[in-house]
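Trainee: Okay, so here is protein_4.tsv, and as you'll see once you scroll down, it has TSV, C-alpha atoms and all ligand atoms.
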```tsv
chain	number	residue	atom	x	y	z
C	1	MET	CA	0.00	0.00	0.00
C	2	ARG	CA	1.25	3.47	-0.83
C	3	ILE	CA	0.40	6.31	1.54
C	4	LEU	CA	0.96	9.87	0.38
C	5	SER	CA	0.52	13.28	1.88
C	6	GLY	CA	1.97	16.73	1.49
C	7	ILE	CA	2.16	19.93	3.39
C	8	GLN	CA	2.72	23.45	2.14
C	9	PRO	CA	5.79	25.35	3.28
C	10	SER	CA	3.85	28.55	3.72
C	11	GLY	CA	4.74	29.31	7.32
C	12	LYS	CA	5.87	27.71	10.55
C	13	LEU	CA	4.07	24.45	11.31
C	14	HIS	CA	1.70	24.42	14.26
C	15	ILE	CA	0.20	21.79	16.50
C	16	GLY	CA	-2.93	21.61	14.33
C	17	ASN	CA	-0.70	20.52	11.45
C	18	TYR	CA	1.05	18.07	13.74
C	19	PHE	CA	-2.01	16.28	15.16
C	20	GLY	CA	-4.16	16.66	12.05
C	21	MET	CA	-1.66	15.55	9.48
C	22	MET	CA	1.96	14.95	10.48
C	23	GLN	CA	1.44	12.52	13.33
C	24	PRO	CA	-1.09	10.32	11.47
C	25	ALA	CA	1.03	10.41	8.32
C	26	ILE	CA	4.17	9.48	10.26
C	27	ALA	CA	2.29	6.69	12.07
C	28	LEU	CA	1.29	5.23	8.70
C	29	GLN	CA	4.94	4.73	7.77
C	30	GLU	CA	4.57	1.47	9.71
C	31	GLN	CA	1.79	0.26	7.43
C	32	GLY	CA	3.03	0.78	3.93
C	33	GLU	CA	5.34	2.84	1.80
C	34	ALA	CA	4.75	6.42	2.93
C	35	PHE	CA	5.51	9.26	0.50
C	36	LEU	CA	5.56	12.60	2.31
C	37	PHE	CA	6.43	15.73	0.45
C	38	ILE	CA	6.84	19.45	0.85
C	39	ALA	CA	4.33	21.11	-1.45
C	40	ASN	CA	6.39	24.10	-2.55
C	41	TYR	CA	4.61	24.46	-5.91
C	42	HIS	CA	1.38	24.78	-3.97
C	43	ALA	CA	2.92	27.33	-1.61
C	44	LEU	CA	3.74	29.51	-4.62
C	45	THR	CA	0.05	30.32	-4.92
C	46	THR	CA	0.49	32.53	-1.86
C	47	VAL	CA	4.23	32.94	-1.09
C	48	TRP	CA	6.06	35.25	-3.50
C	49	ASP	CA	9.34	35.62	-1.70
C	50	ALA	CA	12.15	33.30	-2.79
C	51	PRO	CA	14.29	33.30	0.40
C	52	ARG	CA	11.18	32.85	2.51
C	53	LEU	CA	9.94	29.93	0.40
C	54	ARG	CA	13.36	28.27	0.50
C	55	ARG	CA	13.65	28.72	4.24
C	56	ALA	CA	10.13	27.41	4.89
C	57	THR	CA	10.72	24.39	2.64
C	58	TRP	CA	13.83	23.51	4.61
C	59	ASP	CA	12.02	24.04	7.92
C	60	VAL	CA	9.28	21.60	6.95
C	61	ALA	CA	11.91	18.97	6.13
C	62	LEU	CA	13.53	19.46	9.54
C	63	ASP	CA	10.14	19.45	11.27
C	64	PHE	CA	9.05	16.17	9.71
C	65	LEU	CA	12.32	14.44	10.50
C	66	ALA	CA	12.32	15.86	14.05
C	67	CYS	CA	8.77	14.63	14.61
C	68	GLY	CA	9.65	11.04	13.79
C	69	LEU	CA	9.61	10.56	10.05
C	70	ASP	CA	11.99	7.67	9.51
C	71	PRO	CA	13.91	8.19	6.26
C	72	GLU	CA	14.70	4.47	6.13
C	73	ARG	CA	11.00	3.68	5.88
C	74	ALA	CA	9.31	6.74	4.44
C	75	VAL	CA	10.12	8.79	1.37
C	76	LEU	CA	10.53	12.53	1.99
C	77	TYR	CA	10.90	14.94	-0.92
C	78	ARG	CA	10.36	18.44	-2.24
C	79	GLN	CA	7.47	18.57	-4.69
C	80	SER	CA	9.56	20.70	-7.07
C	81	ASP	CA	12.15	17.92	-7.33
C	82	VAL	CA	9.48	15.84	-9.09
C	83	PRO	CA	8.57	18.12	-12.03
C	84	GLU	CA	6.59	15.30	-13.65
C	85	VAL	CA	3.65	16.38	-11.48
C	86	THR	CA	3.39	19.70	-13.31
C	87	GLU	CA	3.11	18.02	-16.69
C	88	LEU	CA	0.58	15.59	-15.31
C	89	THR	CA	-1.37	18.56	-13.95
C	90	TRP	CA	-1.92	19.70	-17.52
C	91	LEU	CA	-3.11	16.30	-18.68
C	92	LEU	CA	-5.57	16.25	-15.78
C	93	SER	CA	-6.63	19.86	-16.33
C	94	VAL	CA	-8.12	19.14	-19.70
C	95	VAL	CA	-10.58	16.63	-18.22
C	96	THR	CA	-11.37	18.70	-15.10
C	97	PRO	CA	-14.76	20.44	-15.23
C	98	MET	CA	-14.68	24.10	-14.10
C	99	GLY	CA	-17.65	23.44	-11.85
C	100	LEU	CA	-15.71	20.84	-9.87
C	101	LEU	CA	-13.09	23.45	-8.94
C	102	GLU	CA	-15.62	26.22	-8.40
C	103	ARG	CA	-17.25	24.11	-5.71
C	104	CYS	CA	-14.07	23.66	-3.64
C	105	HIS	CA	-14.52	25.09	-0.13
C	106	SER	CA	-10.91	25.98	0.38
C	107	TYR	CA	-10.92	28.15	-2.77
C	108	LYS	CA	-14.22	29.76	-1.81
C	109	ASP	CA	-12.97	30.42	1.74
C	110	LYS	CA	-9.82	32.07	0.45
C	111	LEU	CA	-11.84	34.31	-1.85
C	112	ALA	CA	-14.16	35.16	1.03
C	113	ARG	CA	-11.14	36.19	3.10
C	114	GLY	CA	-10.14	38.61	0.37
C	115	LEU	CA	-7.20	36.76	-1.23
C	116	SER	CA	-7.04	37.80	-4.84
C	117	ALA	CA	-7.73	34.80	-7.01
C	118	ASN	CA	-4.91	33.79	-9.31
C	119	HIS	CA	-5.27	30.85	-11.64
C	120	GLY	CA	-2.88	28.79	-9.49
C	121	LEU	CA	-5.15	29.09	-6.48
C	122	PHE	CA	-8.12	28.01	-8.56
C	123	ALA	CA	-6.26	25.12	-10.19
C	124	TYR	CA	-4.66	24.08	-6.89
C	125	PRO	CA	-6.75	20.88	-6.53
C	126	VAL	CA	-5.62	19.69	-9.97
C	127	LEU	CA	-1.97	19.98	-8.93
C	128	MET	CA	-2.86	18.12	-5.76
C	129	ALA	CA	-4.56	15.41	-7.83
C	130	ALA	CA	-1.36	15.12	-9.88
C	131	ASP	CA	0.72	14.67	-6.69
C	132	ILE	CA	-1.55	11.88	-5.56
C	133	LEU	CA	-2.09	10.14	-8.90
C	134	ALA	CA	1.48	10.40	-10.19
C	135	CYS	CA	2.67	8.34	-7.25
C	136	ARG	CA	-0.19	5.84	-7.46
C	137	SER	CA	-1.25	6.50	-3.89
C	138	ASN	CA	-3.81	4.29	-2.19
C	139	LEU	CA	-4.30	6.29	0.98
C	140	VAL	CA	-4.07	10.02	1.64
C	141	PRO	CA	-4.01	11.06	5.32
C	142	VAL	CA	-5.07	14.69	5.78
C	143	GLY	CA	-7.04	16.98	8.06
C	144	ARG	CA	-10.76	17.25	7.42
C	145	ASP	CA	-10.45	20.46	5.42
C	146	GLN	CA	-8.51	18.62	2.72
C	147	LYS	CA	-11.01	15.79	2.32
C	148	GLN	CA	-12.84	17.49	-0.53
C	149	HIS	CA	-9.61	17.79	-2.49
C	150	VAL	CA	-9.09	14.05	-2.31
C	151	GLU	CA	-12.66	13.54	-3.53
C	152	VAL	CA	-11.93	15.90	-6.41
C	153	THR	CA	-8.85	13.79	-7.16
C	154	ARG	CA	-11.02	10.69	-7.39
C	155	ASP	CA	-13.45	12.47	-9.73
C	156	ILE	CA	-10.65	13.65	-12.00
C	157	ALA	CA	-9.02	10.21	-12.03
C	158	ALA	CA	-12.30	8.50	-12.84
C	159	LYS	CA	-13.00	10.95	-15.66
C	160	PHE	CA	-9.53	10.44	-17.10
C	161	ASN	CA	-9.78	6.65	-16.81
C	162	ASN	CA	-13.21	6.65	-18.50
C	163	THR	CA	-11.95	8.82	-21.29
C	164	PHE	CA	-8.49	7.41	-21.96
C	165	GLY	CA	-8.34	4.00	-20.27
C	166	GLU	CA	-7.44	2.75	-16.80
C	167	ILE	CA	-4.28	4.67	-15.98
C	168	PHE	CA	-4.86	5.91	-12.45
C	169	THR	CA	-5.44	4.26	-9.08
C	170	LEU	CA	-8.29	5.88	-7.13
C	171	PRO	CA	-7.05	6.97	-3.67
C	172	ASP	CA	-8.91	6.79	-0.37
C	173	VAL	CA	-8.77	9.55	2.19
C	174	SER	CA	-7.83	8.85	5.80
C	175	ILE	CA	-8.82	11.29	8.53
C	176	MET	CA	-7.96	11.09	12.20
C	177	GLU	CA	-11.48	11.72	13.50
C	178	SER	CA	-10.48	12.01	17.16
C	179	VAL	CA	-8.34	15.05	16.51
C	180	ALA	CA	-9.77	16.07	13.15
C	181	VAL	CA	-9.96	19.74	14.11
C	182	VAL	CA	-7.44	21.12	16.57
C	183	PRO	CA	-8.75	24.37	18.05
C	184	GLY	CA	-6.66	27.53	18.08
C	185	ILE	CA	-6.20	29.90	20.99
C	186	ASP	CA	-9.45	31.68	20.07
C	187	GLY	CA	-11.41	28.41	19.98
C	188	GLN	CA	-11.77	28.44	16.17
C	189	LYS	CA	-9.92	25.93	13.97
C	190	MET	CA	-6.21	26.46	14.49
C	191	SER	CA	-4.72	27.98	11.37
C	192	LYS	CA	-1.70	30.14	10.66
C	193	SER	CA	-3.94	32.35	8.55
C	194	TYR	CA	-6.11	33.15	11.59
C	195	ASP	CA	-3.05	33.86	13.74
C	196	ASN	CA	-4.55	31.68	16.48
C	197	HIS	CA	-1.91	28.97	16.29
C	198	LEU	CA	0.69	27.50	18.64
C	199	GLU	CA	3.89	26.78	16.76
C	200	LEU	CA	5.36	23.31	16.97
C	201	PHE	CA	8.87	24.71	17.38
C	202	GLY	CA	8.06	28.14	18.70
C	203	ASP	CA	10.06	30.20	21.14
C	204	GLU	CA	9.34	29.26	24.77
C	205	LYS	CA	8.38	32.70	26.04
C	206	GLU	CA	6.21	33.49	23.05
C	207	THR	CA	4.48	30.08	23.20
C	208	ARG	CA	3.76	30.44	26.90
C	209	ALA	CA	2.32	33.91	26.31
C	210	ARG	CA	0.06	32.58	23.56
C	211	VAL	CA	-1.14	29.71	25.75
C	212	MET	CA	-2.01	32.24	28.48
C	213	ARG	CA	-4.11	34.13	25.90
C	214	ILE	CA	-6.38	31.14	25.14
C	215	VAL	CA	-9.98	32.34	25.23
C	216	THR	CA	-12.08	30.78	28.01
C	217	ASP	CA	-15.51	31.50	29.45
C	218	SER	CA	-15.94	33.68	32.54
C	219	THR	CA	-16.74	31.00	35.15
C	220	PRO	CA	-15.23	32.34	38.42
C	221	LEU	CA	-12.16	30.66	39.88
C	222	GLU	CA	-13.97	28.98	42.77
C	223	ALA	CA	-16.80	27.53	40.64
C	224	PRO	CA	-16.74	23.98	39.21
C	225	LYS	CA	-15.94	23.96	35.50
C	226	ASP	CA	-16.88	21.78	32.56
C	227	PRO	CA	-13.80	20.46	30.77
C	228	GLY	CA	-16.06	19.55	27.82
C	229	GLY	CA	-16.36	22.88	26.05
C	230	CYS	CA	-12.99	24.29	27.13
C	231	THR	CA	-10.28	24.97	24.54
C	232	VAL	CA	-7.52	24.64	27.16
C	233	PHE	CA	-8.73	21.16	28.02
C	234	ALA	CA	-9.20	20.19	24.37
C	235	LEU	CA	-5.56	21.09	23.70
C	236	TYR	CA	-4.31	19.43	26.90
C	237	ARG	CA	-5.93	16.14	25.82
C	238	LEU	CA	-3.73	16.02	22.74
C	239	PHE	CA	-0.56	15.88	24.80
C	240	ALA	CA	-1.68	13.94	27.87
C	241	ASP	CA	-2.31	10.27	28.56
C	242	GLU	CA	-5.66	9.08	29.92
C	243	ALA	CA	-4.68	9.29	33.58
C	244	GLU	CA	-3.42	12.87	33.16
C	245	GLN	CA	-6.61	13.83	31.31
C	246	ALA	CA	-8.80	12.34	34.06
C	247	GLU	CA	-6.82	14.16	36.70
C	248	LEU	CA	-7.16	17.55	35.03
C	249	ALA	CA	-10.88	16.92	34.35
C	250	ALA	CA	-11.37	16.17	38.06
C	251	ARG	CA	-9.66	19.43	38.99
C	252	TYR	CA	-11.96	21.35	36.64
C	253	ARG	CA	-15.04	19.73	38.14
C	254	ALA	CA	-13.93	20.22	41.76
C	255	GLY	CA	-13.88	24.03	41.49
C	256	GLY	CA	-11.25	26.29	43.05
C	257	PHE	CA	-9.10	25.71	39.97
C	258	GLY	CA	-8.86	28.67	37.63
C	259	TYR	CA	-8.22	28.84	33.92
C	260	GLY	CA	-4.84	30.44	34.56
C	261	ALA	CA	-3.70	27.28	36.37
C	262	ALA	CA	-5.18	25.11	33.61
C	263	LYS	CA	-3.24	27.06	30.99
C	264	GLN	CA	-0.08	26.68	33.02
C	265	ALA	CA	-0.66	22.89	33.14
C	266	LEU	CA	-1.27	22.84	29.39
C	267	PHE	CA	1.92	24.75	28.65
C	268	GLU	CA	4.06	22.51	30.89
C	269	ARG	CA	2.60	19.32	29.39
C	270	MET	CA	2.94	20.54	25.82
C	271	TRP	CA	6.47	21.79	26.32
C	272	ALA	CA	7.58	18.46	27.86
C	273	TYR	CA	5.88	16.48	25.08
C	274	LEU	CA	7.73	18.43	22.40
C	275	GLU	CA	11.16	18.40	24.11
C	276	PRO	CA	12.47	15.25	22.36
C	277	PHE	CA	11.39	16.71	19.01
C	278	ARG	CA	13.24	19.94	19.73
C	279	GLN	CA	16.34	17.97	20.68
C	280	ARG	CA	16.26	15.97	17.43
C	281	ARG	CA	15.63	19.12	15.41
C	282	ARG	CA	18.73	20.80	16.83
C	283	GLU	CA	20.81	17.78	15.78
C	284	LEU	CA	19.38	17.84	12.26
C	285	GLU	CA	19.91	21.57	11.93
C	286	ALA	CA	23.58	20.99	12.59
C	287	ASP	CA	23.82	18.49	9.71
C	288	PRO	CA	22.33	20.05	6.56
C	289	ASP	CA	24.18	17.65	4.23
C	290	TYR	CA	22.44	14.72	5.85
C	291	VAL	CA	19.02	16.37	5.48
C	292	GLU	CA	19.74	17.28	1.85
C	293	SER	CA	20.79	13.70	1.10
C	294	ILE	CA	17.46	12.42	2.47
C	295	LEU	CA	15.52	14.86	0.28
C	296	ARG	CA	17.52	13.90	-2.84
C	297	ARG	CA	17.07	10.19	-2.21
C	298	GLY	CA	13.35	10.74	-1.63
C	299	ALA	CA	12.99	12.70	-4.86
C	300	ALA	CA	14.73	9.99	-6.86
C	301	ARG	CA	12.33	7.38	-5.51
C	302	ALA	CA	9.20	9.50	-6.10
C	303	ARG	CA	10.42	10.53	-9.54
C	304	ALA	CA	10.87	6.97	-10.66
C	305	VAL	CA	7.24	6.21	-9.87
C	306	ALA	CA	5.91	9.51	-11.25
C	307	ALA	CA	7.85	9.19	-14.51
C	308	GLU	CA	6.29	5.79	-15.14
C	309	THR	CA	2.77	7.08	-14.51
C	310	LEU	CA	3.35	10.13	-16.65
C	311	ALA	CA	4.65	8.02	-19.54
C	312	ALA	CA	1.51	5.88	-19.41
C	313	ALA	CA	-0.75	8.96	-19.28
C	314	ARG	CA	1.07	10.65	-22.20
C	315	GLU	CA	0.72	7.50	-24.26
C	316	ALA	CA	-2.98	7.18	-23.34
C	317	VAL	CA	-3.86	10.72	-24.52
C	318	GLY	CA	-1.87	10.43	-27.73
C	319	LEU	CA	1.31	12.41	-27.04
Q	401	LIG	P1	-3.23	26.25	7.90
Q	401	LIG	O1	-4.72	26.20	8.13
Q	401	LIG	O2	-2.51	26.64	9.13
Q	401	LIG	O3	-2.87	27.11	6.72
Q	401	LIG	P2	-2.74	24.07	6.16
Q	401	LIG	O4	-4.01	24.39	5.45
Q	401	LIG	O5	-1.45	24.36	5.49
Q	401	LIG	O6	-2.78	24.79	7.58
Q	401	LIG	O7	-2.81	22.55	6.59
Q	401	LIG	C1	-1.78	21.59	6.45
Q	401	LIG	C2	-2.29	20.24	6.93
Q	401	LIG	O8	-2.58	20.29	8.34
Q	401	LIG	C3	-3.59	19.78	6.26
Q	401	LIG	O9	-3.59	18.38	6.12
Q	401	LIG	C4	-4.64	20.23	7.22
Q	401	LIG	O10	-5.83	19.51	7.11
Q	401	LIG	C5	-3.94	20.00	8.57
Q	401	LIG	N1	-4.46	20.95	9.54
Q	401	LIG	C6	-4.27	22.29	9.52
Q	401	LIG	N2	-4.87	22.89	10.57
Q	401	LIG	C7	-5.46	21.90	11.28
Q	401	LIG	C8	-6.25	21.87	12.48
Q	401	LIG	N3	-6.53	22.98	13.15
Q	401	LIG	N4	-6.68	20.68	12.92
Q	401	LIG	C9	-6.40	19.55	12.24
Q	401	LIG	N5	-5.66	19.50	11.10
Q	401	LIG	C10	-5.20	20.66	10.61
Q	402	LIG	N1	-3.22	20.92	-0.14
Q	402	LIG	C1	-2.57	20.35	0.99
Q	402	LIG	C2	-2.65	21.31	2.16
Q	402	LIG	O1	-2.71	22.50	2.00
Q	402	LIG	C3	-1.14	19.99	0.70
Q	402	LIG	C4	-1.03	18.99	-0.40
Q	402	LIG	C5	-0.58	19.22	-1.67
Q	402	LIG	C6	-1.38	17.62	-0.33
Q	402	LIG	N2	-0.62	18.08	-2.38
Q	402	LIG	C7	-1.11	17.08	-1.60
Q	402	LIG	C8	-1.91	16.81	0.68
Q	402	LIG	C9	-1.38	15.73	-1.90
Q	402	LIG	C10	-2.16	15.48	0.38
Q	402	LIG	C11	-1.90	14.95	-0.89
Q	402	LIG	O2	-2.60	20.87	3.27
```
For the structure just supplied, provide its representation as structure tokens.
Mentor:
Amino acid sequence: MRILSGIQPSGKLHIGNYFGMMQPAIALQEQGEAFLFIANYHALTTVWDAPRLRRATWDVALDFLACGLDPERAVLYRQSDVPEVTELTWLLSVVTPMGLLERCHSYKDKLARGLSANHGLFAYPVLMAADILACRSNLVPVGRDQKQHVEVTRDIAAKFNNTFGEIFTLPDVSIMESVAVVPGIDGQKMSKSYDNHLELFGDEKETRARVMRIVTDSTPLEAPKDPGGCTVFALYRLFADEAEQAELAARYRAGGFGYGAAKQALFERMWAYLEPFRQRRRELEADPDYVESILRRGAARARAVAAETLAAAREAVGL
């Protein structure tokens, strides 16, 4: 089974990215051949700053390796090192109905937030389909917001197969339901574009300050509290084992335990959880040649698969 997922290097990764996508994707490296890539072509739809894009691409590579991606098992690469996907994007484009793209929530949301619509942003799901189909992926682990794009991929693949013959494998989407939406410090979905995120490798002081700013209700300190609807508790659960969760829930319910103390507990737990990742990241940062060699090896592997698929697709359409 081939598992594939990508992430855009469009900013620092946050814990929503980690629990929604990175951790499940890394866990799947045990179950099949995992292809994980840094979607720098996709990032170009919004990042127009070469040093920034390069830096962010490198950061994502370090982040994935620090968080447990095993380069002996999984394949890590930069999307732009597999240029076959851009040619495949064109072959898919010609069978993609406009309406299919016009219906995509992520495009509509971006328009609603005032991003000016370039063609790349509109065609973004077709490039994503090419990533997935070029590598003959069976399973695509993503956060819930990306589910529609995988469905679009299936539609495009089916249309192509019906028109030109059975070239593509239809992928399934895999979503971690338990942590499908990680809340941000304002209680909305955590997203770098809402500036409500907690960075995975953020500065200690800054991260603590952001945790202390998490929005809570105004239940007084002495009153019993419901852990259920509380963002602090929802975030704590991600980092804590069952016993720790039960203990914090009991403190909430007992009363006399304020949100300030809960935030403190969250920060301490989160910081301790991420410590081994930070340690590993520092080691990797000190050895760029090693990281580069992993990315090159990954690209060679992905390219071999993509080139084969592209050759079959070119042949099928008559090129
Ligand atoms: P952002 O919203 O910060 O721009 P992206 O859209 O780049 O994040 O998401 C990258 C990956 O992380 C996707 O698979 C996405 O579904 C997942 N993801 C992002 N934010 C969250 C969240 N708050 N909860 C769960 N998964 C998330
Ligand atoms: N669009 C995805 C995101 O923003 C990133 C991505 C690009 C991707 N190509 C992909 C994810 C292929 C899964 C499979 O998160």
Trainee: Find, counting all atoms listed in the file, the residue in C:Thr207, C:Gln29, C:Thr96, C:Gln148 that gets nearest to ligand LIG 401 (chain Q).
Mentor: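 So, comparing all the options, the nearest one is C:Gln148.
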Trainee: For Val95 (chain C), work out the shell of residues within 10 Å, counting only C-alpha atoms and skipping chain neighbours fewer than 2 positions away, then give it as a PDB file with C-alpha atoms, in the frame of the given file.
Mentor:
```pdb
ATOM      1  CA  TRP C  90      -1.920  19.700 -17.520  1.00  0.00           C
ATOM      2  CA  LEU C  91      -3.110  16.300 -18.680  1.00  0.00           C
ATOM      3  CA  LEU C  92      -5.570  16.250 -15.780  1.00  0.00           C
ATOM      4  CA  SER C  93      -6.630  19.860 -16.330  1.00  0.00           C
ATOM      5  CA  PRO C  97     -14.760  20.440 -15.230  1.00  0.00           C
ATOM      6  CA  MET C  98     -14.680  24.100 -14.100  1.00  0.00           C
ATOM      7  CA  ASP C 155     -13.450  12.470  -9.730  1.00  0.00           C
ATOM      8  CA  ILE C 156     -10.650  13.650 -12.000  1.00  0.00           C
ATOM      9  CA  ALA C 157      -9.020  10.210 -12.030  1.00  0.00           C
ATOM     10  CA  ALA C 158     -12.300   8.500 -12.840  1.00  0.00           C
ATOM     11  CA  LYS C 159     -13.000  10.950 -15.660  1.00  0.00           C
ATOM     12  CA  PHE C 160      -9.530  10.440 -17.100  1.00  0.00           C
ATOM     13  CA  THR C 163     -11.950   8.820 -21.290  1.00  0.00           C
TER      14      THR C 163
END
```
Trainee: Select the residues contacting ligand LIG 402 (chain Q) at a distance of at most 6 Å, based on all atoms listed in the file, then format the selection as number ranges by chain.
Mentor: C: 4-8, 39, 128, 131-132, 140
Trainee: Taking only C-alpha atoms and all ligand atoms into account, report as JSON, numbers by chain which residues have an atom no farther than 9 Å from an atom of ligand LIG 401 (chain Q).
Mentor: {"C": [5, 6, 7, 8, 9, 10, 11, 12, 13, 14, 15, 16, 17, 18, 19, 20, 21, 22, 43, 106, 141, 142, 143, 144, 145, 146, 147, 175, 176, 179, 180, 181, 182, 183, 184, 188, 189, 190, 191, 192, 193, 194, 195, 197]}
Trainee: Can you list, as a list in words, every protein, DNA or RNA residue that comes within 12 Å of Ala261 (chain C) when you count all atoms listed in the file, leaving out same-chain residues fewer than 6 positions away?
Mentor: Val211, Met212, Leu221, Val232, Phe233, Leu248, Arg251, Tyr252, Gly255, Phe267 and Glu268 of chain C
Trainee: Just the number, please: distance in Å from CA of Ser218 (chain C) to CA of Cys230 (chain C), one decimal.
Mentor: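 Calculated distance between CA of Ser218 (chain C) and CA of Cys230 (chain C) is 11.2 Å.
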Trainee: Check the smallest atom-to-atom distance from each of C:His42, C:Arg253, C:Lys110, C:Arg213 to Thr86 (chain C) using only C-alpha atoms, then report the winner.
Mentor: C:His42
Trainee: Taking into account all atoms listed in the file, which residue in the set C:Ala246, C:Ala254, C:Val152, C:Leu121 is nearest to Glu222 (chain C)?
Mentor: C:Ala254
Trainee: Compile the contact shell of Ala307 (chain C) as a ChimeraX atom specification: residues with an atom at most 10 Å away, counting only C-alpha atoms, same-chain residues fewer than 6 positions apart removed.
Mentor: /C:82-85,88,134-135,313
Trainee: Keeping C-alpha atoms for every residue in the selection just given, could you write it to a file as a PDB file, keeping the file's coordinate frame?
Mentor:
```pdb
ATOM      1  CA  VAL C  82       9.480  15.840  -9.090  1.00  0.00           C
ATOM      2  CA  PRO C  83       8.570  18.120 -12.030  1.00  0.00           C
ATOM      3  CA  GLU C  84       6.590  15.300 -13.650  1.00  0.00           C
ATOM      4  CA  VAL C  85       3.650  16.380 -11.480  1.00  0.00           C
ATOM      5  CA  LEU C  88       0.580  15.590 -15.310  1.00  0.00           C
ATOM      6  CA  ALA C 134       1.480  10.400 -10.190  1.00  0.00           C
ATOM      7  CA  CYS C 135       2.670   8.340  -7.250  1.00  0.00           C
ATOM      8  CA  ALA C 313      -0.750   8.960 -19.280  1.00  0.00           C
TER       9      ALA C 313
END
```
Trainee: Which is closer to Thr153 (chain C) than all the others in C:Ser116, C:Gln23, C:Thr89, C:Thr46, using all atoms listed in the file?
Mentor: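 Of C:Ser116, C:Gln23, C:Thr89, C:Thr46, the one nearest Thr153 (chain C) is C:Thr89, counting all atoms listed in the file.
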Trainee: Hey, can you check how far CA of Thr57 (chain C) sits from CA of Arg269 (chain C)?
Mentor: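 The value is 28.4 Å.
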Trainee: At what distance in Å, to one decimal, does CA of Glu204 (chain C) lie from CA of Ala262 (chain C)?
Mentor: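 So the answer is 17.5 Å.
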Trainee: With all atoms listed in the file as the atoms that count, which of C:Tyr124, C:Leu295, C:Phe239, C:Leu200 lies nearest to Ala74 (chain C)?
Mentor: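 With all atoms listed in the file as the atom set, the closest residue is C:Leu295.
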Trainee: Which one of C:Ser80, C:Val173, C:Phe122, C:Ala265 sits closest to Gly99 (chain C) if you count all atoms listed in the file?
Mentor: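 The shortest atom-to-atom distance to Gly99 (chain C) comes from C:Phe122.
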Trainee: Which residues are near Asp186 (chain C)? Cut-off 7 Å, only C-alpha atoms, ignore same chain within fewer than 6 positions. Put them as an NGL selection string.
Mentor: :C and (196 or 214-215)
